[in-house]
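**Student:** What follows is target.txt, made up of compact mmCIF, N, CA and C atoms:
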```
# COMPACT_ATOMS: atom_id res chain seq x y z
N MET W 1 -13.03 2.10 -0.06
CA MET W 1 -14.19 1.61 -0.77
C MET W 1 -15.39 2.51 -0.59
N LEU W 2 -15.31 3.43 0.33
CA LEU W 2 -16.41 4.35 0.50
C LEU W 2 -16.61 5.15 -0.77
N GLY W 3 -17.86 5.33 -1.12
CA GLY W 3 -18.17 6.13 -2.30
C GLY W 3 -18.22 5.32 -3.58
N CYS W 4 -17.94 4.02 -3.53
CA CYS W 4 -18.01 3.20 -4.74
C CYS W 4 -19.45 2.86 -5.04
N SER W 5 -19.77 2.80 -6.30
CA SER W 5 -21.10 2.36 -6.70
C SER W 5 -20.95 1.47 -7.91
N SER W 6 -21.96 0.69 -8.14
CA SER W 6 -21.89 -0.24 -9.27
C SER W 6 -22.03 0.48 -10.61
N THR W 7 -22.41 1.74 -10.59
CA THR W 7 -22.60 2.46 -11.85
C THR W 7 -21.39 3.30 -12.24
N THR W 8 -20.37 3.34 -11.39
CA THR W 8 -19.18 4.11 -11.71
C THR W 8 -17.96 3.20 -11.76
N LYS W 9 -16.86 3.76 -12.25
CA LYS W 9 -15.62 2.99 -12.34
C LYS W 9 -14.68 3.34 -11.19
N GLU W 10 -15.22 3.97 -10.13
CA GLU W 10 -14.39 4.39 -9.00
C GLU W 10 -13.66 3.22 -8.37
N CYS W 11 -14.27 2.07 -8.30
CA CYS W 11 -13.71 0.94 -7.57
C CYS W 11 -12.60 0.22 -8.34
N GLU W 12 -12.48 0.46 -9.61
CA GLU W 12 -11.53 -0.28 -10.43
C GLU W 12 -10.09 -0.08 -9.99
N ASN W 13 -9.75 1.06 -9.44
CA ASN W 13 -8.37 1.35 -9.08
C ASN W 13 -8.05 1.08 -7.62
N ILE W 14 -9.00 0.56 -6.85
CA ILE W 14 -8.76 0.28 -5.44
C ILE W 14 -7.92 -0.99 -5.35
N GLN W 15 -6.85 -0.93 -4.57
CA GLN W 15 -5.96 -2.07 -4.42
C GLN W 15 -6.60 -3.15 -3.56
N ILE W 16 -6.26 -4.39 -3.85
CA ILE W 16 -6.73 -5.51 -3.06
C ILE W 16 -6.10 -5.45 -1.67
N ASN W 17 -4.85 -5.11 -1.62
CA ASN W 17 -4.10 -5.05 -0.37
C ASN W 17 -4.06 -3.59 0.10
N PRO W 18 -4.74 -3.29 1.22
CA PRO W 18 -4.78 -1.90 1.67
C PRO W 18 -3.40 -1.38 2.11
N ASN W 19 -2.44 -2.27 2.35
CA ASN W 19 -1.10 -1.85 2.76
C ASN W 19 -0.15 -1.68 1.58
N GLY W 20 -0.65 -1.81 0.37
CA GLY W 20 0.20 -1.67 -0.80
C GLY W 20 0.50 -3.00 -1.45
N GLU W 21 1.25 -2.92 -2.52
CA GLU W 21 1.54 -4.10 -3.33
C GLU W 21 3.01 -4.51 -3.15
N SER W 22 3.33 -5.17 -2.07
CA SER W 22 4.71 -5.62 -1.87
C SER W 22 5.00 -6.79 -2.80
N GLU W 23 6.28 -7.06 -3.00
CA GLU W 23 6.68 -8.21 -3.82
C GLU W 23 6.10 -9.49 -3.24
N LEU W 24 6.18 -9.63 -1.92
CA LEU W 24 5.69 -10.84 -1.28
C LEU W 24 4.18 -11.01 -1.46
N ALA W 25 3.43 -9.93 -1.34
CA ALA W 25 1.98 -10.00 -1.55
C ALA W 25 1.67 -10.45 -2.97
N LEU W 26 2.42 -9.94 -3.94
CA LEU W 26 2.20 -10.34 -5.34
C LEU W 26 2.55 -11.80 -5.56
N VAL W 27 3.64 -12.27 -4.93
CA VAL W 27 4.03 -13.69 -5.04
C VAL W 27 2.93 -14.56 -4.45
N MET W 28 2.42 -14.16 -3.29
CA MET W 28 1.38 -14.98 -2.66
C MET W 28 0.10 -15.00 -3.47
N ARG W 29 -0.24 -13.90 -4.10
CA ARG W 29 -1.41 -13.90 -4.99
C ARG W 29 -1.17 -14.82 -6.19
N ALA W 30 0.04 -14.79 -6.72
CA ALA W 30 0.37 -15.68 -7.84
C ALA W 30 0.31 -17.14 -7.39
N LEU W 31 0.78 -17.43 -6.17
CA LEU W 31 0.70 -18.79 -5.64
C LEU W 31 -0.75 -19.24 -5.49
N TYR W 32 -1.60 -18.33 -5.09
CA TYR W 32 -3.02 -18.66 -4.99
C TYR W 32 -3.56 -19.09 -6.36
N ILE W 33 -3.25 -18.29 -7.37
CA ILE W 33 -3.72 -18.61 -8.73
C ILE W 33 -3.10 -19.92 -9.22
N ASN W 34 -1.78 -20.11 -8.97
CA ASN W 34 -1.12 -21.36 -9.35
C ASN W 34 -1.82 -22.55 -8.70
N THR W 35 -2.09 -22.43 -7.41
CA THR W 35 -2.69 -23.53 -6.65
C THR W 35 -4.12 -23.79 -7.13
N LEU W 36 -4.86 -22.75 -7.40
CA LEU W 36 -6.22 -22.91 -7.92
C LEU W 36 -6.20 -23.61 -9.28
N ASP W 37 -5.27 -23.22 -10.14
CA ASP W 37 -5.13 -23.89 -11.45
C ASP W 37 -4.80 -25.37 -11.27
N ILE W 38 -3.88 -25.66 -10.37
CA ILE W 38 -3.50 -27.05 -10.11
C ILE W 38 -4.70 -27.83 -9.58
N LYS W 39 -5.41 -27.24 -8.64
CA LYS W 39 -6.60 -27.90 -8.08
C LYS W 39 -7.60 -28.21 -9.18
N ASN W 40 -7.88 -27.22 -10.01
CA ASN W 40 -8.87 -27.41 -11.07
C ASN W 40 -8.44 -28.47 -12.08
N GLU W 41 -7.17 -28.51 -12.40
CA GLU W 41 -6.70 -29.50 -13.37
C GLU W 41 -6.61 -30.90 -12.77
N LEU W 42 -6.08 -31.01 -11.57
CA LEU W 42 -5.85 -32.33 -10.98
C LEU W 42 -7.11 -32.98 -10.44
N PHE W 43 -7.93 -32.21 -9.81
CA PHE W 43 -9.02 -32.81 -9.05
C PHE W 43 -10.38 -32.71 -9.72
N THR W 44 -10.42 -32.20 -10.95
CA THR W 44 -11.67 -32.24 -11.71
C THR W 44 -11.58 -33.23 -12.86
N HIS W 45 -10.38 -33.64 -13.22
CA HIS W 45 -10.17 -34.63 -14.27
C HIS W 45 -9.52 -35.86 -13.63
N THR W 46 -10.18 -36.98 -13.71
CA THR W 46 -9.69 -38.18 -13.01
C THR W 46 -8.40 -38.73 -13.62
N ASP W 47 -8.09 -38.40 -14.86
CA ASP W 47 -6.91 -38.95 -15.51
C ASP W 47 -5.70 -38.01 -15.47
N THR W 48 -5.82 -36.88 -14.80
CA THR W 48 -4.72 -35.92 -14.75
C THR W 48 -3.81 -36.21 -13.57
N THR W 49 -2.52 -36.16 -13.81
CA THR W 49 -1.53 -36.29 -12.74
C THR W 49 -0.60 -35.10 -12.83
N ILE W 50 0.21 -34.93 -11.80
CA ILE W 50 1.14 -33.81 -11.77
C ILE W 50 2.10 -33.88 -12.97
N SER W 51 2.42 -35.08 -13.42
CA SER W 51 3.37 -35.23 -14.53
C SER W 51 2.80 -34.75 -15.86
N ASN W 52 1.49 -34.72 -16.00
CA ASN W 52 0.94 -34.20 -17.25
C ASN W 52 0.21 -32.87 -17.07
N LEU W 53 0.50 -32.20 -15.97
CA LEU W 53 0.04 -30.82 -15.82
C LEU W 53 0.81 -29.94 -16.80
N ASN W 54 0.25 -28.84 -17.12
CA ASN W 54 0.93 -27.86 -17.95
C ASN W 54 2.27 -27.53 -17.30
N SER W 55 3.37 -27.84 -17.98
CA SER W 55 4.70 -27.66 -17.39
C SER W 55 5.02 -26.19 -17.10
N ILE W 56 4.47 -25.28 -17.87
CA ILE W 56 4.69 -23.86 -17.62
C ILE W 56 4.05 -23.46 -16.29
N LYS W 57 2.82 -23.93 -16.06
CA LYS W 57 2.14 -23.64 -14.79
C LYS W 57 2.91 -24.22 -13.61
N LEU W 58 3.40 -25.42 -13.77
CA LEU W 58 4.13 -26.07 -12.69
C LEU W 58 5.45 -25.36 -12.40
N GLU W 59 6.15 -24.95 -13.43
CA GLU W 59 7.41 -24.20 -13.24
C GLU W 59 7.15 -22.85 -12.59
N GLU W 60 6.08 -22.19 -13.00
CA GLU W 60 5.72 -20.90 -12.39
C GLU W 60 5.42 -21.09 -10.90
N PHE W 61 4.71 -22.16 -10.57
CA PHE W 61 4.40 -22.48 -9.18
C PHE W 61 5.69 -22.66 -8.38
N LYS W 62 6.65 -23.41 -8.93
CA LYS W 62 7.92 -23.64 -8.24
C LYS W 62 8.70 -22.33 -8.06
N ILE W 63 8.74 -21.51 -9.08
CA ILE W 63 9.43 -20.21 -8.98
C ILE W 63 8.78 -19.37 -7.89
N ASN W 64 7.46 -19.36 -7.86
CA ASN W 64 6.75 -18.55 -6.87
C ASN W 64 6.99 -19.05 -5.45
N TYR W 65 6.90 -20.36 -5.22
CA TYR W 65 7.11 -20.79 -3.83
C TYR W 65 8.56 -20.62 -3.42
N ASN W 66 9.48 -20.71 -4.35
CA ASN W 66 10.88 -20.46 -4.00
C ASN W 66 11.17 -18.98 -3.76
N SER W 67 10.28 -18.10 -4.19
CA SER W 67 10.45 -16.66 -3.98
C SER W 67 9.96 -16.20 -2.61
N LEU W 68 9.39 -17.09 -1.84
CA LEU W 68 8.86 -16.70 -0.54
C LEU W 68 9.95 -16.15 0.39
N HIS W 69 11.17 -16.63 0.23
CA HIS W 69 12.27 -16.17 1.09
C HIS W 69 12.93 -14.89 0.58
N THR W 70 12.77 -14.57 -0.67
CA THR W 70 13.51 -13.45 -1.24
C THR W 70 12.66 -12.23 -1.58
N SER W 71 11.36 -12.40 -1.66
CA SER W 71 10.47 -11.29 -2.01
C SER W 71 10.34 -10.31 -0.85
N LYS W 72 10.34 -9.05 -1.19
CA LYS W 72 10.26 -7.99 -0.17
C LYS W 72 8.83 -7.94 0.40
N PRO W 73 8.70 -8.05 1.73
CA PRO W 73 7.37 -8.01 2.35
C PRO W 73 6.88 -6.58 2.56
N THR W 74 5.60 -6.44 2.81
CA THR W 74 5.02 -5.14 3.14
C THR W 74 5.63 -4.62 4.45
N ASP W 75 5.69 -5.51 5.44
CA ASP W 75 6.28 -5.16 6.74
C ASP W 75 7.72 -5.66 6.75
N LEU W 76 8.66 -4.75 6.71
CA LEU W 76 10.07 -5.13 6.64
C LEU W 76 10.56 -5.86 7.88
N ASN W 77 9.80 -5.84 8.96
CA ASN W 77 10.17 -6.56 10.19
C ASN W 77 9.73 -8.02 10.17
N LEU W 78 9.09 -8.45 9.11
CA LEU W 78 8.53 -9.80 9.03
C LEU W 78 9.57 -10.89 9.31
N ARG W 79 10.77 -10.69 8.86
CA ARG W 79 11.78 -11.75 8.92
C ARG W 79 12.73 -11.64 10.12
N ILE W 80 12.47 -10.74 11.03
CA ILE W 80 13.41 -10.49 12.12
C ILE W 80 13.64 -11.70 13.02
N ASN W 81 12.59 -12.37 13.47
CA ASN W 81 12.76 -13.43 14.46
C ASN W 81 12.85 -14.84 13.88
N GLY W 82 12.76 -14.99 12.58
CA GLY W 82 12.87 -16.30 11.94
C GLY W 82 11.58 -17.10 11.87
N LYS W 83 10.51 -16.60 12.50
CA LYS W 83 9.25 -17.32 12.50
C LYS W 83 8.68 -17.46 11.09
N TYR W 84 8.70 -16.37 10.32
CA TYR W 84 8.20 -16.42 8.95
C TYR W 84 8.99 -17.44 8.12
N GLU W 85 10.31 -17.45 8.28
CA GLU W 85 11.15 -18.37 7.51
C GLU W 85 10.77 -19.82 7.78
N ARG W 86 10.47 -20.13 9.04
CA ARG W 86 10.08 -21.51 9.37
C ARG W 86 8.75 -21.87 8.69
N PHE W 87 7.81 -20.94 8.71
CA PHE W 87 6.54 -21.20 8.02
C PHE W 87 6.76 -21.35 6.52
N ALA W 88 7.59 -20.49 5.94
CA ALA W 88 7.87 -20.57 4.50
C ALA W 88 8.52 -21.90 4.16
N ASP W 89 9.49 -22.33 4.97
CA ASP W 89 10.15 -23.62 4.75
C ASP W 89 9.15 -24.78 4.81
N THR W 90 8.26 -24.72 5.78
CA THR W 90 7.25 -25.77 5.93
C THR W 90 6.35 -25.81 4.69
N TYR W 91 5.94 -24.65 4.22
CA TYR W 91 5.10 -24.59 3.02
C TYR W 91 5.85 -25.11 1.80
N ILE W 92 7.08 -24.68 1.62
CA ILE W 92 7.88 -25.11 0.47
C ILE W 92 8.06 -26.62 0.50
N ASN W 93 8.37 -27.18 1.67
CA ASN W 93 8.54 -28.63 1.79
C ASN W 93 7.23 -29.37 1.49
N SER W 94 6.11 -28.84 1.96
CA SER W 94 4.83 -29.50 1.66
C SER W 94 4.48 -29.38 0.18
N SER W 95 4.89 -28.29 -0.47
CA SER W 95 4.67 -28.14 -1.91
C SER W 95 5.48 -29.16 -2.69
N LYS W 96 6.73 -29.36 -2.28
CA LYS W 96 7.58 -30.36 -2.93
C LYS W 96 7.02 -31.77 -2.72
N ARG W 97 6.53 -32.03 -1.50
CA ARG W 97 5.92 -33.34 -1.21
C ARG W 97 4.72 -33.56 -2.11
N PHE W 98 3.91 -32.52 -2.28
CA PHE W 98 2.73 -32.63 -3.15
C PHE W 98 3.14 -32.88 -4.59
N ILE W 99 4.15 -32.18 -5.07
CA ILE W 99 4.60 -32.37 -6.46
C ILE W 99 5.11 -33.80 -6.67
N ASN W 100 5.78 -34.35 -5.67
CA ASN W 100 6.29 -35.72 -5.77
C ASN W 100 5.20 -36.77 -5.62
N ASN W 101 4.15 -36.44 -4.91
CA ASN W 101 3.04 -37.36 -4.71
C ASN W 101 1.77 -36.53 -4.65
N ASN W 102 1.10 -36.40 -5.79
CA ASN W 102 -0.02 -35.48 -5.89
C ASN W 102 -1.33 -36.04 -5.35
N SER W 103 -1.27 -36.49 -4.12
CA SER W 103 -2.49 -36.96 -3.46
C SER W 103 -3.28 -35.77 -2.92
N LYS W 104 -4.55 -35.99 -2.69
CA LYS W 104 -5.39 -34.95 -2.11
C LYS W 104 -4.89 -34.59 -0.71
N GLU W 105 -4.39 -35.60 0.02
CA GLU W 105 -3.88 -35.35 1.36
C GLU W 105 -2.69 -34.40 1.33
N ASN W 106 -1.76 -34.64 0.41
CA ASN W 106 -0.60 -33.76 0.29
C ASN W 106 -1.00 -32.37 -0.19
N TYR W 107 -1.95 -32.32 -1.09
CA TYR W 107 -2.44 -31.03 -1.58
C TYR W 107 -3.06 -30.23 -0.43
N ASN W 108 -3.98 -30.87 0.31
CA ASN W 108 -4.65 -30.18 1.41
C ASN W 108 -3.67 -29.81 2.53
N SER W 109 -2.64 -30.60 2.71
CA SER W 109 -1.60 -30.27 3.69
C SER W 109 -0.88 -29.00 3.28
N MET W 110 -0.59 -28.87 2.01
CA MET W 110 0.05 -27.67 1.47
C MET W 110 -0.84 -26.44 1.72
N VAL W 111 -2.12 -26.57 1.44
CA VAL W 111 -3.06 -25.47 1.67
C VAL W 111 -3.12 -25.15 3.17
N ASN W 112 -3.14 -26.18 3.98
CA ASN W 112 -3.19 -25.99 5.43
C ASN W 112 -1.96 -25.21 5.92
N ASN W 113 -0.80 -25.48 5.33
CA ASN W 113 0.41 -24.75 5.70
C ASN W 113 0.28 -23.26 5.37
N CYS W 114 -0.39 -22.93 4.30
CA CYS W 114 -0.65 -21.52 3.97
C CYS W 114 -1.48 -20.89 5.09
N ILE W 115 -2.52 -21.57 5.47
CA ILE W 115 -3.42 -21.03 6.49
C ILE W 115 -2.70 -20.87 7.82
N GLN W 116 -1.90 -21.85 8.21
CA GLN W 116 -1.17 -21.76 9.48
C GLN W 116 -0.27 -20.52 9.52
N CYS W 117 0.39 -20.22 8.44
CA CYS W 117 1.24 -19.04 8.37
C CYS W 117 0.38 -17.77 8.44
N HIS W 118 -0.69 -17.76 7.69
CA HIS W 118 -1.56 -16.58 7.67
C HIS W 118 -2.25 -16.36 9.01
N GLU W 119 -2.44 -17.40 9.79
CA GLU W 119 -2.99 -17.22 11.14
C GLU W 119 -2.04 -16.39 12.01
N GLN W 120 -0.77 -16.41 11.67
CA GLN W 120 0.22 -15.66 12.43
C GLN W 120 0.50 -14.27 11.86
N PHE W 121 0.38 -14.11 10.56
CA PHE W 121 0.87 -12.89 9.91
C PHE W 121 -0.16 -12.07 9.15
N CYS W 122 -1.16 -12.67 8.58
CA CYS W 122 -2.09 -11.92 7.72
C CYS W 122 -3.43 -12.63 7.68
N LEU W 123 -4.26 -12.35 8.65
CA LEU W 123 -5.54 -13.05 8.81
C LEU W 123 -6.50 -12.83 7.65
N GLY W 124 -6.38 -11.70 6.99
CA GLY W 124 -7.34 -11.33 5.96
C GLY W 124 -7.43 -12.28 4.78
N ALA W 125 -6.39 -13.03 4.53
CA ALA W 125 -6.37 -13.91 3.35
C ALA W 125 -6.93 -15.31 3.63
N ILE W 126 -7.20 -15.63 4.87
CA ILE W 126 -7.56 -17.01 5.23
C ILE W 126 -8.82 -17.49 4.54
N LYS W 127 -9.87 -16.69 4.50
CA LYS W 127 -11.11 -17.14 3.85
C LYS W 127 -10.87 -17.49 2.38
N LYS W 128 -10.07 -16.68 1.72
CA LYS W 128 -9.77 -16.93 0.31
C LYS W 128 -8.96 -18.23 0.17
N ILE W 129 -7.96 -18.41 1.02
CA ILE W 129 -7.12 -19.61 0.95
C ILE W 129 -7.95 -20.86 1.22
N GLN W 130 -8.91 -20.78 2.11
CA GLN W 130 -9.74 -21.94 2.42
C GLN W 130 -10.47 -22.49 1.19
N ARG W 131 -10.71 -21.64 0.21
CA ARG W 131 -11.37 -22.08 -1.03
C ARG W 131 -10.49 -23.04 -1.83
N LEU W 132 -9.22 -23.10 -1.50
CA LEU W 132 -8.32 -23.98 -2.23
C LEU W 132 -8.42 -25.45 -1.81
N TYR W 133 -8.96 -25.71 -0.63
CA TYR W 133 -9.08 -27.10 -0.19
C TYR W 133 -9.88 -27.91 -1.21
N THR W 134 -9.56 -29.18 -1.29
CA THR W 134 -10.32 -30.09 -2.14
C THR W 134 -10.85 -31.23 -1.28
N LYS W 135 -11.93 -31.81 -1.70
CA LYS W 135 -12.56 -32.91 -0.94
C LYS W 135 -12.11 -34.24 -1.46
```
Have the structure of the file written as structure tokens, please.
**Tutor:**
Amino acid sequence: MLGCSSTTKECENIQINPNGESELALVMRALYINTLDIKNELFTHTDTTISNLNSIKLEEFKINYNSLHTSKPTDLNLRINGKYERFADTYINSSKRFINNNSKENYNSMVNNCIQCHEQFCLGAIKKIQRLYTK
């Protein structure tokens, strides 16, 4: 980011992830967008439920969370000890629980599971993920 200025286009090509664009990083960014869309639709409109959410968005969300186990990570050692898999399973299960019962508690639990994993593996994303919580 050194040398960037608001008057040039130098910053446009700088990657968000300084370690590169792994499949897993892209899936997690997509999950963030999916979750933000769900939050905005469900919790800003009092008559919206998970059953009348845009089905394409919901299917994309499911595909993305199911890709957590198969997407190639930036650090190929991520899956060696099974810790990441346990966090991914916990997140996937909380996502399914939320889809089956779209309460704010289940939603915030799902977001909390993201943060718990990131506390172990990638601290940089936590502030952004915290924006997903709903009151």
**Student:** For Val27 of chain W, which residue among W:Tyr91, W:Phe98, W:Tyr107, W:Tyr65 is the nearest when counting only N, CA and C atoms?
**Tutor:**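 Counting only N, CA and C atoms, the residue closest to Val27 of chain W is W:Tyr65.
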**Student:** Which of these residues is nearest to Lys72 of chain W, using only N, CA and C atoms: W:Glu59, W:Glu21, W:Asp37, W:Glu105?
**Tutor:**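 Counting only N, CA and C atoms, the residue closest to Lys72 of chain W is W:Glu21.
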**Student:** Interatomic distance between atom CA of Thr70 of chain W and atom CA of Glu23 of chain W?
**Tutor:**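 It comes out at 9.0 Å.
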**Student:** Could you work out how far atom N of Tyr32 of chain W lies from atom CA of His118 of chain W, giving the answer in Å with one decimal?
**Tutor:** 12.9 Å
**Student:** Between W:Ser55, W:Asn34, W:Ser22, W:Ser71, which residue has the minimum interatomic distance to Ser95 of chain W, considering only C-alpha atoms?
**Tutor:**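 That would be W:Asn34, the residue with the smallest distance to Ser95 of chain W.
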**Student:** Which value, in Å to one decimal, gives the distance between atom C of Lys57 of chain W and atom CA of Leu42 of chain W?
**Tutor:**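 So the answer is 12.2 Å.
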**Student:** Using all atoms listed in the file, can you tell me which of W:Ile38, W:Ile126, W:Cys114, W:Met28 comes closest to Leu68 of chain W?
**Tutor:** W:Met28
**Student:** Starting from the point (9.3, -23.5, 1.5), work out which residues of protein, DNA or RNA have an atom no more than 10 Å away when counting only C-alpha atoms; state them as a VMD selection string.
**Tutor:** chain W and resid 62 65 to 69 85 to 96 113
**Student:** Using all atoms listed in the file, which of W:Ala30, W:Ile80, W:Leu36, W:Leu132 sits nearest Asn64 of chain W?
**Tutor:**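 Looking only at the distances to Asn64 of chain W, the closest residue turns out to be W:Ala30.
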